[in-house]
There are 4 protein chains.
Amino acid sequence: MSTPIGIAVIGAGYWGPNLVRNAQATPGLRLEYLCDLNEARAREVLGQYSTVQVSGDLDAVLADPRVQAVAIATPAATHVDIALAAIAAGKHVLVEKPLAATWADGAKVVQAAEDAGVVLMLDHTYCYTPAVSHLRELLRGGELGTLQYLDSVRINLGLVQSDVDVIWDLAPHDLSILDSVLPEGIHPVSVAARGSDPLDVGQVCVAHLSIELSNGAIAHVHVNWLSPTKIRTTIIGGSQRTVVWDDLNPAQRLAVYDRSVEANDPSTLGVDVRNQTRISYRIGDMVAPALPEREALRSMMAEFAAAITEGRPALTDGRSGLRVLALLEAASESLRGNGVAVPVARD
Amino acid sequence: MSTPIGIAVIGAGYWGPNLVRNAQATPGLRLEYLCDLNEARAREVLGQYSTVQVSGDLDAVLADPRVQAVAIATPAATHVDIALAAIAAGKHVLVEKPLAATWADGAKVVQAAEDAGVVLMLDHTYCYTPAVSHLRELLRGGELGTLQYLDSVRINLGLVQSDVDVIWDLAPHDLSILDSVLPEGIHPVSVAARGSDPLDVGQVCVAHLSIELSNGAIAHVHVNWLSPTKIRTTIIGGSQRTVVWDDLNPAQRLAVYDRSVEANDPSTLGVDVRNQTRISYRIGDMVAPALPEREALRSMMAEFAAAITEGRPALTDGRSGLRVLALLEAASESLRGNGVAVPVARD
Amino acid sequence: MSTPIGIAVIGAGYWGPNLVRNAQATPGLRLEYLCDLNEARAREVLGQYSTVQVSGDLDAVLADPRVQAVAIATPAATHVDIALAAIAAGKHVLVEKPLAATWADGAKVVQAAEDAGVVLMLDHTYCYTPAVSHLRELLRGGELGTLQYLDSVRINLGLVQSDVDVIWDLAPHDLSILDSVLPEGIHPVSVAARGSDPLDVGQVCVAHLSIELSNGAIAHVHVNWLSPTKIRTTIIGGSQRTVVWDDLNPAQRLAVYDRSVEANDPSTLGVDVRNQTRISYRIGDMVAPALPEREALRSMMAEFAAAITEGRPALTDGRSGLRVLALLEAASESLRGNGVAVPVARD
Amino acid sequence: MSTPIGIAVIGAGYWGPNLVRNAQATPGLRLEYLCDLNEARAREVLGQYSTVQVSGDLDAVLADPRVQAVAIATPAATHVDIALAAIAAGKHVLVEKPLAATWADGAKVVQAAEDAGVVLMLDHTYCYTPAVSHLRELLRGGELGTLQYLDSVRINLGLVQSDVDVIWDLAPHDLSILDSVLPEGIHPVSVAARGSDPLDVGQVCVAHLSIELSNGAIAHVHVNWLSPTKIRTTIIGGSQRTVVWDDLNPAQRLAVYDRSVEANDPSTLGVDVRNQTRISYRIGDMVAPALPEREALRSMMAEFAAAITEGRPALTDGRSGLRVLALLEAASESLRGNGVAVPVARD
């Protein structure tokens, strides 16, 4: 193997330690710095047995030629500035979601990275789970048939954030997964969102997003910070099969139901018969595919290294981050309009 | 015990046999007829060992003085006419949901019953389950604290109907439960609904209803005829406790979480701190209350007999049926308006 | 269809009503009597709308030429006498488990039925579930490979009986299922049983049976009347696949794991290496087969009618009842010997 | 805080990395060495960013005065020799289960440690889970009432070992938990064990242990390396309450059922009544206690540090290790005797 890519992790808060751990474990990367304004916090994250360097000076880190890439895990409001600085310094950039607070800001970062010829990648971790990889194959490979509906529930007792509402905090997971599995030719058309703030914290804590897709199907997302039970379930209904992804059931994350419902020719049906069946069911077996056991964050980090080495866009590149921002912005606008459907900007 | 109340079941289709079975088993009732245009079907439902009479002539049944009450389980479109005829004949009426196809028609039936002084009751079966009785106590007794959100999911491979969409078919269950458990002083204000018809059968088969309550909380209902997995789960979040009702888990239908989230005084919080907690959690035990084992339909039928005997409105009287109709009409109007919020008529 | 077979149900206690219901619903049978010493109880079971005759006089019922068959659901201690009387009267006999209190008594009944040329059938209800039918196919069809182990757990808060211990009460289910699914050429060799009576009621309430099979595999049965949680799970391990049957999970009763473990050639393994793998795993998908929805008791009753009509032994004939008795007797003897292995009598 | 205790982890195989990680994270400990004959393997475990020293020379490590304690995670056959060497060098010893291959060898190690005045502790990890701590309180605090039965199932696709059978590999977990939660005055009396080796690897891969307790109750343990589904469930039945521990259900690990069964006075019961109830049930709520989220291995390591600092025996000291060995030896002897009950040696 060639010389490893020097990397610095920026931000030693909630998520940073995960990036530190995975950067250290990824062949092809060499962790040079953990950078945080709070150096003591960074030192604590690394522990007393580590040889990795701590720095509180982002500029110095970006100036170090050993650093070829950065992974940004700072508060959302700082993503754009840090990413732009890193790009200006010629570094490849991995950034935690969301890419930016607005589509327009996100577009600037994407443009800057493209102009600089560096890799810009979003840490859409879920897109690197074996489950989502399998979902993508099922949907894009045609095994599910035509997409009929998608329903995603992500609720738990979550950290109420000071800078974002529950949509901007949790829905990026669902929206990036949606972006990652949608078959060619189907894209979001409009978003209707409603939410409530029962704690009066000034942020919506419970929200429902209804996303109309270009083929008429609806993708629905329910996010909730206030539920004492944790649910992370996505159902994707297709004309041939339906798949249920329960991320909290490690013994059976995916269940593919070989069942379908078909409309009968209405001309063959009589009238005045109650409950008359207008559809036919096909009820076959359920298959829970054997999925490899591998950590999503490890795969994500490996993709970052590979994209840099091969000079190609990452699976969850800046443009996927922009598409997620477009959905989030439409959702926020709909929320302000009490649920009116808002068109989604196309990039 | 006094003379039993003579009853006729009208309709020997999908639901009629359940009413037949429970009418026979209810002390205080005496089943005189099973009435259906298709007499052979009615005879088949009763079986070869029954002494109950079959009739294909509704007028004759209503003219029989032994019949003091009717239970209507015919196609939805016929409910109003049959109910009005029964009321005109001085019979007490139990009718399967929905009461009518419009709020206006339902109001006529309610008015007629009040004028005639007969009991008019909706077969909102779920309201008679031990689980819903317990939910009602939890919410009205204050144990949950303030209602923060309600989320109801009712999805399965269902019979696509010829006369109603999935909202009118399935949501009456959720809406009558909502009506039955809402504390005094909280009522629905508006409904936003979106749905899709991925099979092109001319009826919405997947739908989401977002109901704004008068205290700002949102009650959300997801109904779906096309899901190969059956889910019947309702979460009711309160400021003190949250309860999860999983109707498909007989060993643990209700789970009451003694957990709450409270907003902290924002003036005590600093700035620029990512992920800063603005709320406090209290995490206590979960209690799954022991619920009696009794069939809801049996309790419902007993309530019908008791309401007649005691000359009082039933728990799920005509007015509760009207309130459900008001929500269904608002949902349908919102559906036509692509999800725009529609105010709910107050009775 | 030819003239239906006249049948009488004997015993209106715990199980009799189920036989009454299913006898009425089975084409080919005509229920003539419900017979119980307690006629009032029998009348109550039938209800006020039934045309079926009640009798407290077994002899009279057996003397009625319209009665060609009887279904016995009386206390276990009376099975032998009633069955022998019915056989002597030339009636076909369906009897609830256990056939008798001893193998020797059971053998008398079997012999009598064979001499009289009547059908003798055990109500081993579970053997008629779609799940057990599927298990039988998996095991006998070779899909599972060689049988490696079987583990059956049947525990709940059960009725502590006055006449039998938990082994004779619950284990007949597991043992008749075992008898029904074992492939040709494999039979039980010995039983070791241990149990305890923590309530001091004079009957073992918790017991474990370890049954050695002729191919060296062990079938283990855990029965328990004192468990507040109900578990009914059977795992059958094979060299090619393993199947898990969870009878309390209607959405996924059977799960067939395409996984196998194979011993490696020990000569290829080194020494002194800890945790060295001596086996290889093959981890494939899990399939939950679509099973038909049908009531086992209905199928059982249909098999009784068919065996009579076709003049052939039923699937769970008297000899299967004897094989179960042999296992129960060995278990009781082992229990008295504090778990010493007791050989199983072969018929 | 005073000077940290210098510790060396011996063994960089399957379990060693966990000890390395937790020793590093435990306040009061300072990890000086990872010692393995295979130094490259040890280096790989530490990774390229670690300042911890690698050594292949156990004697040198034991001679280093900075090392005051060792944690042994080598193959089972080497535990005794390494532990004795460490004790001879005056080191405190934490050793992975089993302490030794025989009770006699184990007793030598215990004696040596007591003579040397050093801490000898078993890594019975499960005893440090919040769940087992809670079970211990429930049983010892009397909340469960009298112990009636205990049933433990630990099955999965496991590593078939070259040096131990499934009993010595998996059952130490169940037996140390049993040892840890049994109330004062109740101890194991005899063990009956049966097992099978369906893969012909020369080791029992499926086994059942039936342990008679001094109060007449039975503790049953089912261990199995060949099950494609993982089950880790323990049920502890008491006269007042019963608790179910499902270690694979993080959302509800413990469920305490407020249910009890009581024997009625038999003199009040009649005769000839089938299925007559001889017991009464009390069916109350189920409570799932809120348990702290903490890693068991972290708590175990903290207990090691605390026992050293405070000069006291650890919760899972050498004598608890001996009691587990006594049960394992009895089980092995019973296995050789085809399930005959073998008395348990008392220490």
# chains A, B, ... in the order shown; residues from 1 in each chain; ligands from 1
call {"tool": "residues_around", "arguments": {"residues": "stretch 42-57 of chain C", "least_positions_apart": "6", "cutoff": "10 Å", "atoms": "only C-alpha atoms", "output": "ChimeraX atom specification"}}
result
/B:24-25,30-32,46-52 /C:8-13,16-18,20-21,24,30-36
call {"tool": "closest_atom_pairs", "arguments": {"of": "stretch 207-257 of chain B", "to": "stretch 288-295 of chain B", "cutoff": "10 Å", "atoms": "only C-alpha atoms", "output": "tab-separated table"}}
result
residue	atom	partner	partner_atom	distance
B:Val243	CA	B:Ala288	CA	9.4
B:Val244	CA	B:Ala288	CA	9.6
B:Trp245	CA	B:Ala288	CA	10.0
B:Pro250	CA	B:Glu293	CA	9.7
B:Ala251	CA	B:Ala288	CA	9.3
B:Gln252	CA	B:Ala288	CA	6.2
B:Arg253	CA	B:Ala288	CA	7.6
B:Leu254	CA	B:Ala288	CA	5.6
B:Ala255	CA	B:Ala288	CA	4.6
B:Val256	CA	B:Ala288	CA	6.2
B:Tyr257	CA	B:Ala288	CA	8.8
call {"tool": "write_last_selection", "arguments": {"atoms": "N, CA and C atoms", "output": "mmCIF file, in the first residue's frame"}}
result
data_model
loop_
_atom_site.group_PDB
_atom_site.id
_atom_site.type_symbol
_atom_site.label_atom_id
_atom_site.label_comp_id
_atom_site.auth_asym_id
_atom_site.auth_seq_id
_atom_site.Cartn_x
_atom_site.Cartn_y
_atom_site.Cartn_z
ATOM 1 N N VAL B 243 -47.570 6.351 27.131
ATOM 2 C CA VAL B 243 -48.067 4.988 27.065
ATOM 3 C C VAL B 243 -48.022 4.499 25.617
ATOM 4 N N VAL B 244 -47.573 3.265 25.449
ATOM 5 C CA VAL B 244 -47.525 2.634 24.139
ATOM 6 C C VAL B 244 -48.502 1.468 24.149
ATOM 7 N N TRP B 245 -49.404 1.479 23.175
ATOM 8 C CA TRP B 245 -50.390 0.404 23.050
ATOM 9 C C TRP B 245 -50.083 -0.388 21.791
ATOM 10 N N PRO B 250 -50.392 -9.489 22.746
ATOM 11 C CA PRO B 250 -51.366 -9.787 23.807
ATOM 12 C C PRO B 250 -50.709 -9.932 25.179
ATOM 13 N N ALA B 251 -49.430 -10.297 25.194
ATOM 14 C CA ALA B 251 -48.764 -10.480 26.487
ATOM 15 C C ALA B 251 -48.426 -9.142 27.130
ATOM 16 N N GLN B 252 -48.479 -8.064 26.355
ATOM 17 C CA GLN B 252 -48.088 -6.768 26.903
ATOM 18 C C GLN B 252 -48.697 -5.673 26.041
ATOM 19 N N ARG B 253 -50.004 -5.566 26.090
ATOM 20 C CA ARG B 253 -50.687 -4.620 25.195
ATOM 21 C C ARG B 253 -50.346 -3.178 25.542
ATOM 22 N N LEU B 254 -50.327 -2.866 26.824
ATOM 23 C CA LEU B 254 -50.021 -1.494 27.234
ATOM 24 C C LEU B 254 -48.686 -1.455 27.975
ATOM 25 N N ALA B 255 -47.928 -0.430 27.699
ATOM 26 C CA ALA B 255 -46.676 -0.204 28.426
ATOM 27 C C ALA B 255 -46.658 1.261 28.825
ATOM 28 N N VAL B 256 -46.658 1.526 30.118
ATOM 29 C CA VAL B 256 -46.705 2.898 30.621
ATOM 30 C C VAL B 256 -45.307 3.268 31.109
ATOM 31 N N TYR B 257 -44.687 4.207 30.410
ATOM 32 C CA TYR B 257 -43.332 4.616 30.731
ATOM 33 C C TYR B 257 -43.360 5.805 31.667
#
call {"tool": "select_by_dssp", "arguments": {"residues": "stretch 91-295 of chain C", "states": "strand (DSSP E or B)", "output": "number ranges by chain"}}
result
C: 92-95, 120-122, 147-157, 188-196, 206-213, 218-224, 226-238, 242-246, 254-263, 279-288
call {"tool": "select_by_dssp", "arguments": {"residues": "stretch 129-202 of chain A", "states": "alpha helix (DSSP H)", "output": "mmCIF file with C-alpha atoms, in the first residue's frame"}}
result
data_model
loop_
_atom_site.group_PDB
_atom_site.id
_atom_site.type_symbol
_atom_site.label_atom_id
_atom_site.label_comp_id
_atom_site.auth_asym_id
_atom_site.auth_seq_id
_atom_site.Cartn_x
_atom_site.Cartn_y
_atom_site.Cartn_z
ATOM 1 C CA PRO A 130 -25.320 -3.343 5.044
ATOM 2 C CA ALA A 131 -29.088 -2.899 5.377
ATOM 3 C CA VAL A 132 -29.251 0.233 3.216
ATOM 4 C CA SER A 133 -26.865 -1.289 0.679
ATOM 5 C CA HIS A 134 -29.261 -4.204 0.411
ATOM 6 C CA LEU A 135 -32.298 -1.910 0.169
ATOM 7 C CA ARG A 136 -30.628 -0.039 -2.669
ATOM 8 C CA GLU A 137 -30.073 -3.284 -4.566
ATOM 9 C CA LEU A 138 -33.652 -4.409 -3.963
ATOM 10 C CA LEU A 139 -35.085 -1.130 -5.230
ATOM 11 C CA ARG A 140 -32.703 -0.421 -8.075
ATOM 12 C CA VAL A 166 -36.170 17.692 15.179
ATOM 13 C CA ILE A 167 -36.494 17.771 11.398
ATOM 14 C CA TRP A 168 -33.000 19.134 10.842
ATOM 15 C CA ASP A 169 -31.627 16.866 13.558
ATOM 16 C CA LEU A 170 -33.135 13.490 12.722
ATOM 17 C CA ALA A 171 -34.733 13.637 9.278
ATOM 18 C CA PRO A 172 -31.388 13.999 7.426
ATOM 19 C CA HIS A 173 -30.897 10.304 8.211
ATOM 20 C CA ASP A 174 -34.177 9.327 6.576
ATOM 21 C CA LEU A 175 -33.792 11.764 3.704
ATOM 22 C CA SER A 176 -30.247 10.690 2.877
ATOM 23 C CA ILE A 177 -31.367 7.054 2.969
ATOM 24 C CA LEU A 178 -34.264 7.935 0.661
ATOM 25 C CA ASP A 179 -31.849 9.757 -1.649
ATOM 26 C CA SER A 180 -29.558 6.778 -1.601
ATOM 27 C CA VAL A 181 -32.110 4.083 -2.463
#
call {"tool": "residues_around", "arguments": {"residues": "D:Leu226", "least_positions_apart": "5", "cutoff": "7 Å", "atoms": "only C-alpha atoms", "output": "JSON, numbers by chain"}}
result
{"D": [156, 157, 158, 205]}
call {"tool": "interface_residues", "arguments": {"of": "chain C", "to": "chain D", "cutoff": "8 Å", "atoms": "only C-alpha atoms", "output": "tab-separated table (two decimals) with N, CA, C and O atoms, in the first residue's frame"}}
result
chain	number	residue	atom	x	y	z
C	13	GLY	N	-66.89	-30.31	29.68
C	13	GLY	CA	-66.01	-29.55	30.57
C	13	GLY	C	-65.15	-28.54	29.83
C	13	GLY	O	-65.66	-27.77	29.00
C	14	TYR	N	-63.84	-28.56	30.09
C	14	TYR	CA	-62.93	-27.56	29.56
C	14	TYR	C	-62.80	-27.65	28.04
C	14	TYR	O	-62.83	-26.66	27.33
C	74	THR	N	-63.68	-36.27	28.51
C	74	THR	CA	-63.96	-36.40	29.95
C	74	THR	C	-62.65	-36.41	30.72
C	74	THR	O	-61.57	-36.40	30.11
C	75	PRO	N	-62.70	-36.43	32.07
C	75	PRO	CA	-61.44	-36.48	32.82
C	75	PRO	C	-60.61	-37.70	32.41
C	75	PRO	O	-61.15	-38.76	32.07
C	148	GLN	N	-30.07	-33.05	14.59
C	148	GLN	CA	-28.99	-32.91	15.57
C	148	GLN	C	-29.52	-32.73	17.00
C	148	GLN	O	-28.95	-33.25	17.94
C	149	TYR	N	-30.58	-31.96	17.16
C	149	TYR	CA	-31.18	-31.81	18.48
C	149	TYR	C	-32.59	-31.24	18.31
C	149	TYR	O	-32.91	-30.65	17.26
C	159	LEU	N	-53.25	-24.49	34.70
C	159	LEU	CA	-54.11	-25.07	35.72
C	159	LEU	C	-53.39	-26.23	36.38
C	159	LEU	O	-53.10	-27.23	35.73
C	160	VAL	N	-53.07	-26.10	37.64
C	160	VAL	CA	-52.53	-27.23	38.36
C	160	VAL	C	-53.66	-28.25	38.50
C	160	VAL	O	-54.75	-27.93	38.93
C	161	GLN	N	-53.38	-29.47	38.04
C	161	GLN	CA	-54.42	-30.48	37.93
C	161	GLN	C	-54.50	-31.34	39.18
C	161	GLN	O	-53.52	-31.52	39.89
C	162	SER	N	-55.68	-31.91	39.39
C	162	SER	CA	-55.82	-32.80	40.54
C	162	SER	C	-55.44	-34.22	40.20
C	162	SER	O	-55.11	-35.01	41.06
C	163	ASP	N	-55.47	-34.55	38.90
C	163	ASP	CA	-55.26	-35.95	38.57
C	163	ASP	C	-53.94	-36.24	37.87
C	163	ASP	O	-53.55	-37.40	37.80
C	192	ALA	N	-34.75	-39.33	30.49
C	192	ALA	CA	-34.36	-38.93	31.84
C	192	ALA	C	-35.20	-37.71	32.20
C	192	ALA	O	-35.30	-36.77	31.41
C	194	ARG	N	-36.43	-34.91	35.39
C	194	ARG	CA	-36.36	-34.35	36.74
C	194	ARG	C	-37.43	-33.29	36.88
C	194	ARG	O	-37.75	-32.59	35.92
C	195	GLY	N	-37.97	-33.18	38.07
C	195	GLY	CA	-39.01	-32.19	38.27
C	195	GLY	C	-39.05	-31.74	39.71
C	195	GLY	O	-38.32	-32.26	40.56
C	196	SER	N	-39.86	-30.74	39.96
C	196	SER	CA	-39.98	-30.29	41.34
C	196	SER	C	-41.41	-29.82	41.59
C	196	SER	O	-42.16	-29.54	40.66
C	197	ASP	N	-41.73	-29.72	42.85
C	197	ASP	CA	-43.09	-29.39	43.30
C	197	ASP	C	-42.98	-28.27	44.32
C	197	ASP	O	-43.20	-28.44	45.50
C	198	PRO	N	-42.62	-27.08	43.85
C	198	PRO	CA	-42.32	-26.01	44.81
C	198	PRO	C	-43.53	-25.53	45.60
C	198	PRO	O	-43.37	-24.85	46.62
C	199	LEU	N	-44.74	-25.87	45.15
C	199	LEU	CA	-45.95	-25.44	45.87
C	199	LEU	C	-46.40	-26.48	46.87
C	199	LEU	O	-47.38	-26.27	47.60
C	200	ASP	N	-45.72	-27.65	46.88
C	200	ASP	CA	-46.13	-28.74	47.76
C	200	ASP	C	-47.58	-29.15	47.55
C	200	ASP	O	-48.37	-29.26	48.47
C	201	VAL	N	-47.93	-29.31	46.27
C	201	VAL	CA	-49.29	-29.76	45.97
C	201	VAL	C	-49.33	-31.27	45.74
C	201	VAL	O	-50.39	-31.83	45.48
C	206	VAL	N	-42.96	-28.36	37.65
C	206	VAL	CA	-41.89	-27.92	36.75
C	206	VAL	C	-41.10	-29.17	36.41
C	206	VAL	O	-40.71	-29.91	37.31
C	210	SER	N	-35.30	-35.27	29.11
C	210	SER	CA	-34.22	-35.39	28.14
C	210	SER	C	-34.39	-36.76	27.48
C	210	SER	O	-34.25	-37.79	28.13
C	216	GLY	N	-28.51	-40.79	18.51
C	216	GLY	CA	-27.60	-40.09	19.42
C	216	GLY	C	-28.04	-38.68	19.77
C	216	GLY	O	-27.55	-38.08	20.73
C	217	ALA	N	-28.96	-38.11	19.00
C	217	ALA	CA	-29.43	-36.75	19.30
C	217	ALA	C	-30.29	-36.76	20.56
C	217	ALA	O	-30.79	-37.81	20.97
C	218	ILE	N	-30.43	-35.58	21.17
C	218	ILE	CA	-31.27	-35.44	22.35
C	218	ILE	C	-32.44	-34.53	22.03
C	218	ILE	O	-32.28	-33.46	21.46
C	226	LEU	N	-45.83	-22.91	36.25
C	226	LEU	CA	-45.71	-21.78	37.18
C	226	LEU	C	-45.09	-20.54	36.56
C	226	LEU	O	-44.69	-19.62	37.27
C	227	SER	N	-44.97	-20.51	35.24
C	227	SER	CA	-44.29	-19.38	34.62
C	227	SER	C	-45.28	-18.29	34.24
C	227	SER	O	-46.24	-18.54	33.51
C	228	PRO	N	-45.07	-17.07	34.70
C	228	PRO	CA	-46.00	-15.99	34.36
C	228	PRO	C	-45.88	-15.57	32.90
C	228	PRO	O	-46.77	-14.91	32.38
C	237	GLY	N	-32.74	-28.65	15.32
C	237	GLY	CA	-31.47	-28.42	14.65
C	237	GLY	C	-31.13	-29.54	13.70
C	237	GLY	O	-31.20	-30.72	14.08
C	242	THR	N	-31.77	-25.24	10.34
C	242	THR	CA	-32.39	-25.32	11.66
C	242	THR	C	-33.69	-24.54	11.60
C	242	THR	O	-33.76	-23.48	10.98
C	257	TYR	N	-33.67	-21.44	9.19
C	257	TYR	CA	-32.36	-20.83	9.02
C	257	TYR	C	-31.50	-21.70	8.13
C	257	TYR	O	-31.25	-22.87	8.45
C	259	ARG	N	-28.51	-22.32	7.79
C	259	ARG	CA	-27.20	-22.21	8.41
C	259	ARG	C	-26.78	-23.60	8.83
C	259	ARG	O	-27.59	-24.41	9.25
C	261	VAL	N	-23.32	-25.99	10.56
C	261	VAL	CA	-22.01	-26.05	11.20
C	261	VAL	C	-21.41	-27.37	10.78
C	261	VAL	O	-22.07	-28.40	10.85
C	262	GLU	N	-20.19	-27.34	10.32
C	262	GLU	CA	-19.56	-28.60	9.93
C	262	GLU	C	-18.25	-28.77	10.64
C	262	GLU	O	-17.49	-27.83	10.81
C	263	ALA	N	-17.98	-29.99	11.06
C	263	ALA	CA	-16.72	-30.28	11.71
C	263	ALA	C	-15.61	-30.28	10.66
C	263	ALA	O	-15.77	-30.83	9.58
C	273	VAL	N	-3.41	-23.73	20.12
C	273	VAL	CA	-4.01	-22.46	19.71
C	273	VAL	C	-5.37	-22.36	20.37
C	273	VAL	O	-6.25	-23.17	20.13
C	274	ARG	N	-5.51	-21.38	21.19
C	274	ARG	CA	-6.74	-21.23	21.93
C	274	ARG	C	-7.88	-20.82	21.02
C	274	ARG	O	-7.70	-20.09	20.05
C	275	ASN	N	-9.05	-21.31	21.35
C	275	ASN	CA	-10.26	-20.94	20.63
C	275	ASN	C	-10.18	-21.28	19.15
C	275	ASN	O	-10.86	-20.68	18.34
C	276	GLN	N	-9.28	-22.23	18.85
C	276	GLN	CA	-9.17	-22.54	17.43
C	276	GLN	C	-10.47	-23.13	16.92
C	276	GLN	O	-11.08	-23.98	17.55
C	277	THR	N	-10.89	-22.65	15.81
C	277	THR	CA	-12.14	-23.13	15.25
C	277	THR	C	-11.96	-24.52	14.69
C	277	THR	O	-11.10	-24.76	13.86
C	278	ARG	N	-12.78	-25.42	15.17
C	278	ARG	CA	-12.74	-26.78	14.65
C	278	ARG	C	-13.92	-27.03	13.75
C	278	ARG	O	-14.13	-28.13	13.29
C	279	ILE	N	-14.70	-26.00	13.51
C	279	ILE	CA	-15.87	-26.16	12.67
C	279	ILE	C	-15.94	-25.01	11.69
C	279	ILE	O	-15.29	-23.98	11.86
C	338	ASN	N	-34.98	-40.00	40.38
C	338	ASN	CA	-34.18	-38.77	40.41
C	338	ASN	C	-33.38	-38.55	39.14
C	338	ASN	O	-32.23	-38.14	39.17
C	339	GLY	N	-33.97	-38.89	38.01
C	339	GLY	CA	-33.36	-38.52	36.74
C	339	GLY	C	-32.57	-39.61	36.05
C	339	GLY	O	-31.94	-39.37	35.02
C	340	VAL	N	-32.57	-40.82	36.60
C	340	VAL	CA	-31.84	-41.89	35.93
C	340	VAL	C	-32.50	-42.16	34.58
C	340	VAL	O	-33.71	-42.04	34.43
C	341	ALA	N	-31.69	-42.47	33.58
C	341	ALA	CA	-32.22	-42.72	32.24
C	341	ALA	C	-33.00	-44.02	32.22
C	341	ALA	O	-32.52	-45.06	32.67
call {"tool": "atom_distance", "arguments": {"atom1": "atom CA of D:Gly141", "atom2": "atom CA of D:Leu315"}}
result
17.5 Å
